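Student: One structure follows; several queries about it will come next.
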Amino acid sequence: MKDFMPSTDIPISTLRERIALSNEWHARPLLALPSPLRCSHVVCLRGEENLEERRQQFADFCQAQGQSGPSKDSRHHAVKVGNCLLKWEGHTEADSYTLLVSGNAEPPFAAPALSFLDAGMRAQLLERLFLGVHIEVISCAESPEDKRLERIRSLLGSREVYGGSVSDGKGEIWSSFRLDDEGFSRVVIMDCALSEARMSRHVQRILEVETYRMLAMLGLPAARDVMGTLGELEPALDEVIEQIAHRDADPALERSLERITRIAAKVEHVAAAHAYRFAAARAYNGIVERRLAELSEEQKGSAPRYTTFLQKTLMPAMRTCEAAERRTQELAQRVTRATQLLDSMVDMDQKKQNQAILESLAERANLQLRLQQSVEGFSIFAITYYAVGLLGYLFKSGKSLGMPVNPDLLTGITAPAVLLVVWLAVRSIKNRLKR
């Protein structure tokens with residue numbers, strides 16, 4: 001079979017995108033070590049920095065350790081630093097650092113995997129810490145089943161622990177969901193008969209659950225802010241709508257329209273400012289739900305399950321985010337309807353004003369017509385007077401030329417005829433204008 005050779009007709013940019021998309025399937029390799037082991041996971045929000053800057057910082061760290069750094073445009077990179085396996089991963093708005101070290105501390109959690117990292121890098125991660133998780137994978141052989149729960153409570157430092165069995169009883173997952181002095185939560189995985197690959201997948205799922213549930217929770221403060229803002233805007237909108245309903249009490253529709261326009265602008269600002277946060281919370285919550293389902297956890301004794309606790313705590317927060325988003329959309333729709341109603345009322349008022357203006361113009365035109373008709377008779381007489389005067393001059397000129405005429409008699413005789421001719425001429429002109 002011949003080796004695949006890319007066609008020279010394919011644009012370079014398209015070819016690179018296709019290769020990058022194909023490599024994405026292999027871009028998230030699992031970090032794997034045989035049990036027992038310890039793992040530390042640190043998530044740092046990116047803040048003002050971007051992905052390129054964080055990638056370069058990790059590349060500088062790798063170079064200082066004599067290791068190759070991540071390639072350009074890479075979002076994942078794993079290296080071996082001393083006794084640690086270290087993986088960096090760039091997410092949309094955060095970066096995660098996962099460390100694996102063989103064996104357990106004595107006692108467990110006394111020397112987590114993070115303590116094996118370079119002191120400068122460790123201090124940098126702790127300064128940026130958003131989420132921290134320490135995991136200890138312990139063999140079941142070290143903990144008899146009748147004393148296992150008490151040991152787990154001792155390791156987690158709490159009487160309230162949550163967990164259950166996974167992989168048909170071949171493993172157990174336990175956590176108290178409480179933070180230690182450094183801000184890290186602790187998870188204990190009991191390895192009863194898990195393969196290395198299965199163990200790696202469980203560790204990866206737990207890390208993703210812990211990471212994405214906290215990223216999803218970023219939507220909760222935003223939702224509370226939105227609820228507070230909407231609590232101020234809704235009464236203002238209700239007041240404007242009440243004024244519209246009782247228009248006689250507030251006939252100034254333009255003022256109401258101005259107020260509702262300001263409310264609409266504020267609602268749009270709230271929706272735009274938090275749209276990304278709520279969409280991200282939905283996406284993160286979806287990942288958490290899928291990872292919890294993949295764990296297939298079963299009840300272990302009387303203790304509440306690990307997945308049940310997460311679902312009970314995360315679900316109300318996500319419902320609050322959904323409620324805030326839905327309430328924002330509903331308020332925006334109410335504002336839109338009120339604005340349309342006000343526009344219609346203002347338009348109707350304008351039409352009434354225009355109709356009144358047209359009626360006023362029509363009345364003025366009618367008055368002008370009446371005045372013109374009144375003056376029309378005087379105009380006919382005036383034209384007749386001047387015409388008869390001209391004819392009088394003509395008749396007098398004829399008499400001076402020796403013609404046998406009586407100017408006064410002819411003027412008197414022609415006056416009615418001239419009047420009739422002028423009247424007919426004016427009427428003919430009016431008839432032509434009416435056509």
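Letters A, B, ... mark the chains of the structure tokens in the order given; residue numbers begin at 1 per chain; ligand numbers begin at 1, in order shown.
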Contacts of stretch 226-229 of chain A at 12 Å or less, counting only C-alpha atoms, minus same-chain residues fewer than 3 places along, as a tab-separated table (two decimals) with N, CA and C atoms, in the first residue's frame?
Tutor:
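Output file around02.tsv is given in full below:
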```tsv
chain	number	residue	atom	x	y	z
A	219	GLY	N	-20.63	30.47	37.18
A	219	GLY	CA	-21.87	31.10	36.74
A	219	GLY	C	-22.78	31.50	37.87
A	220	LEU	N	-22.58	30.93	39.07
A	220	LEU	CA	-23.49	31.23	40.18
A	220	LEU	C	-23.39	32.68	40.66
A	221	PRO	N	-22.19	33.23	40.91
A	221	PRO	CA	-22.13	34.67	41.28
A	221	PRO	C	-22.71	35.57	40.20
A	222	ALA	N	-22.47	35.22	38.94
A	222	ALA	CA	-23.04	36.01	37.85
A	222	ALA	C	-24.56	35.95	37.87
A	223	ALA	N	-25.10	34.76	38.16
A	223	ALA	CA	-26.55	34.61	38.21
A	223	ALA	C	-27.14	35.45	39.35
A	232	GLU	N	-34.32	45.20	40.15
A	232	GLU	CA	-34.49	46.65	40.06
A	232	GLU	C	-35.18	47.07	38.76
A	233	LEU	N	-34.91	46.34	37.68
A	233	LEU	CA	-35.47	46.73	36.38
A	233	LEU	C	-36.93	46.33	36.23
A	234	GLU	N	-37.32	45.20	36.80
A	234	GLU	CA	-38.70	44.74	36.64
A	234	GLU	C	-39.72	45.70	37.25
A	235	PRO	N	-39.52	46.21	38.48
A	235	PRO	CA	-40.48	47.21	38.99
A	235	PRO	C	-40.54	48.47	38.14
A	236	ALA	N	-39.40	48.90	37.60
A	236	ALA	CA	-39.40	50.08	36.74
A	236	ALA	C	-40.22	49.83	35.48
A	263	ILE	N	-34.53	51.22	29.99
A	263	ILE	CA	-34.66	49.88	30.59
A	263	ILE	C	-34.22	48.82	29.59
A	266	LYS	N	-30.45	48.62	29.42
A	266	LYS	CA	-29.87	47.96	30.58
A	266	LYS	C	-30.06	46.44	30.50
A	267	VAL	N	-31.24	46.02	30.06
A	267	VAL	CA	-31.50	44.58	29.94
A	267	VAL	C	-30.58	43.95	28.90
A	268	GLU	N	-30.40	44.62	27.78
A	268	GLU	CA	-29.50	44.11	26.75
A	268	GLU	C	-28.07	44.05	27.25
A	269	HIS	N	-27.68	45.04	28.04
A	269	HIS	CA	-26.32	45.04	28.61
A	269	HIS	C	-26.14	43.84	29.55
A	270	VAL	N	-27.12	43.59	30.39
A	270	VAL	CA	-27.05	42.45	31.31
A	270	VAL	C	-26.96	41.14	30.54
A	271	ALA	N	-27.81	41.01	29.52
A	271	ALA	CA	-27.81	39.77	28.74
A	271	ALA	C	-26.48	39.55	28.02
A	272	ALA	N	-25.94	40.62	27.43
A	272	ALA	CA	-24.68	40.49	26.70
A	272	ALA	C	-23.51	40.23	27.63
A	273	ALA	N	-23.53	40.87	28.82
A	273	ALA	CA	-22.40	40.74	29.74
A	273	ALA	C	-22.29	39.35	30.33
A	274	HIS	N	-23.41	38.62	30.45
A	274	HIS	CA	-23.38	37.32	31.11
A	274	HIS	C	-23.73	36.16	30.19
A	275	ALA	N	-23.92	36.42	28.92
A	275	ALA	CA	-24.28	35.34	27.99
A	275	ALA	C	-23.19	34.27	27.93
A	277	ARG	N	-20.88	33.59	30.19
A	277	ARG	CA	-20.73	32.87	31.47
A	277	ARG	C	-21.79	31.79	31.62
A	278	PHE	N	-23.03	32.09	31.24
A	278	PHE	CA	-24.10	31.11	31.37
A	278	PHE	C	-23.94	29.98	30.35
A	320	THR	N	-30.13	27.83	39.13
A	320	THR	CA	-30.11	29.27	39.37
A	320	THR	C	-29.61	30.02	38.13
A	321	CYS	N	-28.56	29.49	37.51
A	321	CYS	CA	-28.05	30.11	36.28
A	321	CYS	C	-29.09	30.07	35.17
A	322	GLU	N	-29.76	28.93	35.04
A	322	GLU	CA	-30.80	28.81	34.01
A	322	GLU	C	-31.95	29.78	34.30
A	323	ALA	N	-32.31	29.89	35.58
A	323	ALA	CA	-33.40	30.81	35.94
A	323	ALA	C	-33.03	32.25	35.65
A	324	ALA	N	-31.79	32.63	35.96
A	324	ALA	CA	-31.34	34.00	35.68
A	324	ALA	C	-31.34	34.28	34.19
A	325	GLU	N	-30.86	33.33	33.41
A	325	GLU	CA	-30.83	33.51	31.96
A	325	GLU	C	-32.24	33.59	31.39
A	326	ARG	N	-33.11	32.68	31.87
A	326	ARG	CA	-34.49	32.68	31.38
A	326	ARG	C	-35.22	33.96	31.80
A	327	ARG	N	-34.99	34.39	33.02
A	327	ARG	CA	-35.63	35.62	33.50
A	327	ARG	C	-35.17	36.83	32.70
A	328	THR	N	-33.89	36.84	32.33
A	328	THR	CA	-33.38	37.94	31.50
A	328	THR	C	-34.06	37.94	30.14
A	329	GLN	N	-34.19	36.76	29.54
A	329	GLN	CA	-34.84	36.67	28.23
A	329	GLN	C	-36.30	37.08	28.31
A	331	LEU	N	-37.68	39.11	30.51
A	331	LEU	CA	-37.77	40.55	30.70
A	331	LEU	C	-37.49	41.29	29.39
```
Student: Among stretch 106-226 of chain A, which ones does DSSP place in alpha helix (DSSP H), written as an NGL selection string?
Tutor: :A and (119-128 or 145-156 or 196-217 or 219-226)
Student: I need the chosen residues saved as a compact mmCIF listing (two decimals), in the first residue's frame, with N, CA and C atoms.
Tutor:
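Result file follows (out.txt):
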```
# COMPACT_ATOMS: atom_id res chain seq x y z
N ALA A 119 10.40 24.22 43.42
CA ALA A 119 9.85 25.15 44.41
C ALA A 119 9.30 26.42 43.76
N GLY A 120 10.00 26.96 42.75
CA GLY A 120 9.54 28.16 42.08
C GLY A 120 8.23 27.94 41.35
N MET A 121 8.14 26.83 40.62
CA MET A 121 6.93 26.52 39.89
C MET A 121 5.79 26.23 40.86
N ARG A 122 6.10 25.54 41.96
CA ARG A 122 5.06 25.22 42.95
C ARG A 122 4.50 26.50 43.56
N ALA A 123 5.38 27.42 43.91
CA ALA A 123 4.91 28.68 44.48
C ALA A 123 4.06 29.46 43.47
N GLN A 124 4.45 29.41 42.22
CA GLN A 124 3.70 30.11 41.18
C GLN A 124 2.30 29.52 41.03
N LEU A 125 2.19 28.20 41.06
CA LEU A 125 0.89 27.55 40.93
C LEU A 125 0.01 27.85 42.14
N LEU A 126 0.60 27.80 43.34
CA LEU A 126 -0.19 28.07 44.54
C LEU A 126 -0.67 29.52 44.57
N GLU A 127 0.10 30.42 44.01
CA GLU A 127 -0.31 31.83 43.98
C GLU A 127 -1.50 32.02 43.04
N ARG A 128 -1.54 31.26 41.95
CA ARG A 128 -2.62 31.40 40.97
C ARG A 128 -3.77 30.43 41.22
N GLU A 145 -11.64 -4.37 54.93
CA GLU A 145 -12.92 -3.76 54.60
C GLU A 145 -13.69 -3.30 55.83
N ASP A 146 -13.56 -4.02 56.94
CA ASP A 146 -14.31 -3.64 58.13
C ASP A 146 -13.76 -2.38 58.78
N LYS A 147 -12.50 -2.03 58.46
CA LYS A 147 -11.89 -0.83 59.04
C LYS A 147 -11.61 0.24 57.97
N ARG A 148 -12.05 -0.03 56.75
CA ARG A 148 -11.69 0.86 55.65
C ARG A 148 -12.36 2.22 55.77
N LEU A 149 -13.63 2.25 56.13
CA LEU A 149 -14.35 3.51 56.20
C LEU A 149 -13.74 4.43 57.26
N GLU A 150 -13.35 3.87 58.41
CA GLU A 150 -12.74 4.68 59.45
C GLU A 150 -11.41 5.26 58.99
N ARG A 151 -10.64 4.45 58.26
CA ARG A 151 -9.36 4.95 57.75
C ARG A 151 -9.58 6.06 56.73
N ILE A 152 -10.58 5.90 55.89
CA ILE A 152 -10.88 6.93 54.88
C ILE A 152 -11.29 8.22 55.56
N ARG A 153 -12.09 8.11 56.61
CA ARG A 153 -12.49 9.32 57.35
C ARG A 153 -11.28 9.99 57.98
N SER A 154 -10.35 9.19 58.47
CA SER A 154 -9.13 9.75 59.06
C SER A 154 -8.28 10.45 58.01
N LEU A 155 -8.14 9.83 56.82
CA LEU A 155 -7.34 10.42 55.76
C LEU A 155 -7.96 11.71 55.22
N LEU A 156 -9.28 11.74 55.16
CA LEU A 156 -9.97 12.91 54.62
C LEU A 156 -10.24 13.96 55.67
N GLU A 196 -4.21 -0.95 35.25
CA GLU A 196 -3.57 0.37 35.16
C GLU A 196 -4.34 1.31 34.25
N ALA A 197 -4.84 0.78 33.13
CA ALA A 197 -5.59 1.62 32.19
C ALA A 197 -6.91 2.08 32.81
N ARG A 198 -7.61 1.16 33.49
CA ARG A 198 -8.88 1.53 34.12
C ARG A 198 -8.64 2.55 35.23
N MET A 199 -7.58 2.36 35.99
CA MET A 199 -7.26 3.30 37.05
C MET A 199 -6.97 4.69 36.47
N SER A 200 -6.22 4.75 35.38
CA SER A 200 -5.90 6.03 34.76
C SER A 200 -7.15 6.75 34.29
N ARG A 201 -8.09 5.98 33.74
CA ARG A 201 -9.34 6.60 33.27
C ARG A 201 -10.15 7.14 34.45
N HIS A 202 -10.18 6.40 35.55
CA HIS A 202 -10.93 6.89 36.71
C HIS A 202 -10.29 8.17 37.27
N VAL A 203 -8.98 8.19 37.35
CA VAL A 203 -8.30 9.39 37.84
C VAL A 203 -8.61 10.57 36.92
N GLN A 204 -8.55 10.34 35.61
CA GLN A 204 -8.82 11.41 34.64
C GLN A 204 -10.25 11.91 34.79
N ARG A 205 -11.21 11.00 34.96
CA ARG A 205 -12.60 11.42 35.10
C ARG A 205 -12.82 12.24 36.36
N ILE A 206 -12.20 11.82 37.44
CA ILE A 206 -12.36 12.56 38.69
C ILE A 206 -11.76 13.96 38.55
N LEU A 207 -10.60 14.06 37.93
CA LEU A 207 -9.99 15.38 37.74
C LEU A 207 -10.86 16.26 36.87
N GLU A 208 -11.45 15.70 35.84
CA GLU A 208 -12.32 16.50 34.97
C GLU A 208 -13.59 16.91 35.71
N VAL A 209 -14.13 16.00 36.52
CA VAL A 209 -15.31 16.35 37.30
C VAL A 209 -15.00 17.50 38.25
N GLU A 210 -13.88 17.40 38.96
CA GLU A 210 -13.51 18.44 39.91
C GLU A 210 -13.24 19.77 39.20
N THR A 211 -12.58 19.70 38.05
CA THR A 211 -12.25 20.92 37.30
C THR A 211 -13.49 21.60 36.77
N TYR A 212 -14.30 20.84 36.06
CA TYR A 212 -15.43 21.45 35.36
C TYR A 212 -16.58 21.81 36.29
N ARG A 213 -16.70 21.13 37.43
CA ARG A 213 -17.77 21.54 38.34
C ARG A 213 -17.46 22.91 38.95
N MET A 214 -16.18 23.18 39.22
CA MET A 214 -15.81 24.48 39.76
C MET A 214 -15.91 25.57 38.69
N LEU A 215 -15.52 25.24 37.46
CA LEU A 215 -15.68 26.22 36.38
C LEU A 215 -17.15 26.50 36.12
N ALA A 216 -17.99 25.47 36.25
CA ALA A 216 -19.43 25.68 36.08
C ALA A 216 -19.98 26.58 37.19
N MET A 217 -19.42 26.44 38.39
CA MET A 217 -19.90 27.24 39.52
C MET A 217 -19.58 28.72 39.36
N GLY A 219 -20.63 30.47 37.18
CA GLY A 219 -21.87 31.10 36.74
C GLY A 219 -22.78 31.50 37.87
N LEU A 220 -22.58 30.93 39.07
CA LEU A 220 -23.49 31.23 40.18
C LEU A 220 -23.39 32.68 40.66
N PRO A 221 -22.19 33.23 40.91
CA PRO A 221 -22.13 34.67 41.28
C PRO A 221 -22.71 35.57 40.20
N ALA A 222 -22.47 35.22 38.94
CA ALA A 222 -23.04 36.01 37.85
C ALA A 222 -24.56 35.95 37.87
N ALA A 223 -25.10 34.76 38.16
CA ALA A 223 -26.55 34.61 38.21
C ALA A 223 -27.14 35.45 39.35
N ARG A 224 -26.46 35.48 40.48
CA ARG A 224 -26.95 36.28 41.60
C ARG A 224 -26.91 37.78 41.27
N ASP A 225 -25.86 38.21 40.59
CA ASP A 225 -25.78 39.61 40.17
C ASP A 225 -26.92 39.95 39.22
N VAL A 226 -27.16 39.04 38.28
CA VAL A 226 -28.24 39.26 37.32
C VAL A 226 -29.59 39.34 38.03
```
Student: Can you pull out the residues contacting stretch 387-395 of chain A? Cut-off 8 Å, using only C-alpha atoms, and skip same-chain residues under 2 positions away; I want them as an mmCIF file with C-alpha atoms, in the first residue's frame.
Tutor:
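Output contents, as saved in around25.cif:
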```cif
data_model
loop_
_atom_site.group_PDB
_atom_site.id
_atom_site.type_symbol
_atom_site.label_atom_id
_atom_site.label_comp_id
_atom_site.auth_asym_id
_atom_site.auth_seq_id
_atom_site.Cartn_x
_atom_site.Cartn_y
_atom_site.Cartn_z
ATOM 1 C CA ILE A 383 -62.953 93.444 -15.542
ATOM 2 C CA THR A 384 -66.209 94.546 -17.172
ATOM 3 C CA TYR A 385 -65.675 98.092 -15.924
ATOM 4 C CA SER A 397 -61.951 107.943 -31.063
ATOM 5 C CA GLY A 398 -64.332 106.877 -33.847
ATOM 6 C CA LYS A 399 -66.460 109.973 -33.300
ATOM 7 C CA VAL A 405 -71.543 107.289 -33.544
ATOM 8 C CA ASN A 406 -72.750 108.254 -30.132
ATOM 9 C CA PRO A 407 -70.024 107.082 -27.733
ATOM 10 C CA ASP A 408 -72.193 107.189 -24.622
ATOM 11 C CA LEU A 410 -72.755 102.545 -27.604
ATOM 12 C CA THR A 411 -70.958 102.236 -24.296
ATOM 13 C CA THR A 414 -72.181 97.136 -25.014
ATOM 14 C CA ALA A 415 -71.837 97.101 -21.208
ATOM 15 C CA VAL A 418 -69.208 92.737 -22.072
#
```
Student: Env of stretch 35-52 of chain A: 6 Å cut, atoms = only C-alpha atoms, seq-sep filter 3 positions within chain, self excluded. Answer as number ranges by chain.
Tutor: A: 55, 93-104, 113-114, 128-138
Student: Could you take the residues named above and write them with C-alpha atoms, as a PDB file, in the first residue's frame?
Tutor:
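And here is the file that came out, out03.pdb:
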```pdb
ATOM      1  CA  ARG A  55       2.191  28.069  26.968  1.00  0.00           C
ATOM      2  CA  GLU A  93     -10.333  30.116  30.183  1.00  0.00           C
ATOM      3  CA  ALA A  94      -7.956  28.215  32.463  1.00  0.00           C
ATOM      4  CA  ASP A  95      -4.842  26.060  32.540  1.00  0.00           C
ATOM      5  CA  SER A  96      -4.488  22.787  34.426  1.00  0.00           C
ATOM      6  CA  TYR A  97      -1.335  21.119  35.736  1.00  0.00           C
ATOM      7  CA  THR A  98      -1.484  17.435  36.695  1.00  0.00           C
ATOM      8  CA  LEU A  99       1.326  15.658  38.536  1.00  0.00           C
ATOM      9  CA  LEU A 100       1.657  11.908  39.168  1.00  0.00           C
ATOM     10  CA  VAL A 101       4.170  10.275  41.513  1.00  0.00           C
ATOM     11  CA  SER A 102       4.513   6.573  42.262  1.00  0.00           C
ATOM     12  CA  GLY A 103       3.751   5.282  45.740  1.00  0.00           C
ATOM     13  CA  ASN A 104       1.956   6.801  48.705  1.00  0.00           C
ATOM     14  CA  ALA A 113       2.686  14.926  44.293  1.00  0.00           C
ATOM     15  CA  LEU A 114       2.854  18.734  44.183  1.00  0.00           C
ATOM     16  CA  ARG A 128      -2.621  31.397  40.972  1.00  0.00           C
ATOM     17  CA  LEU A 129      -4.616  28.533  42.488  1.00  0.00           C
ATOM     18  CA  PHE A 130      -8.290  28.396  41.541  1.00  0.00           C
ATOM     19  CA  LEU A 131      -8.827  24.692  42.128  1.00  0.00           C
ATOM     20  CA  GLY A 132      -6.585  22.122  43.754  1.00  0.00           C
ATOM     21  CA  VAL A 133      -7.092  18.363  44.139  1.00  0.00           C
ATOM     22  CA  HIS A 134      -4.890  15.775  45.822  1.00  0.00           C
ATOM     23  CA  ILE A 135      -5.599  12.125  45.002  1.00  0.00           C
ATOM     24  CA  GLU A 136      -4.128   9.095  46.756  1.00  0.00           C
ATOM     25  CA  VAL A 137      -4.569   5.694  45.101  1.00  0.00           C
ATOM     26  CA  ILE A 138      -4.274   3.120  47.898  1.00  0.00           C
TER      27      ILE A 138
END
```
Student: Quick one, how far is atom CA of A:Val288 from atom CA of A:Arg305?
Tutor: 15.2 Å
Student: Looking at only C-alpha atoms, which of A:Gln57, A:Ser296, A:Ser185, A:Gln67 is the one that sits closest to A:Gly169?
Tutor: A:Ser296
Student: Go through stretch 216-434 of chain A and collect every residue that DSSP, computed from the backbone, puts in strand (DSSP E or B); the answer should be as a list in words.
Tutor: Glu298, Gln299, Lys300 and Ala303 of chain A
Student: Output C-alpha atoms of each residue in that selection to a file, as a PDB file, in the first residue's frame.
Tutor:
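The result, written out as part-v7.pdb:
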```pdb
ATOM      1  CA  GLU A 298     -22.615   2.026  43.081  1.00  0.00           C
ATOM      2  CA  GLN A 299     -23.683   2.408  46.685  1.00  0.00           C
ATOM      3  CA  LYS A 300     -21.107   1.284  49.257  1.00  0.00           C
ATOM      4  CA  ALA A 303     -22.392   6.357  52.973  1.00  0.00           C
TER       5      ALA A 303
END
```
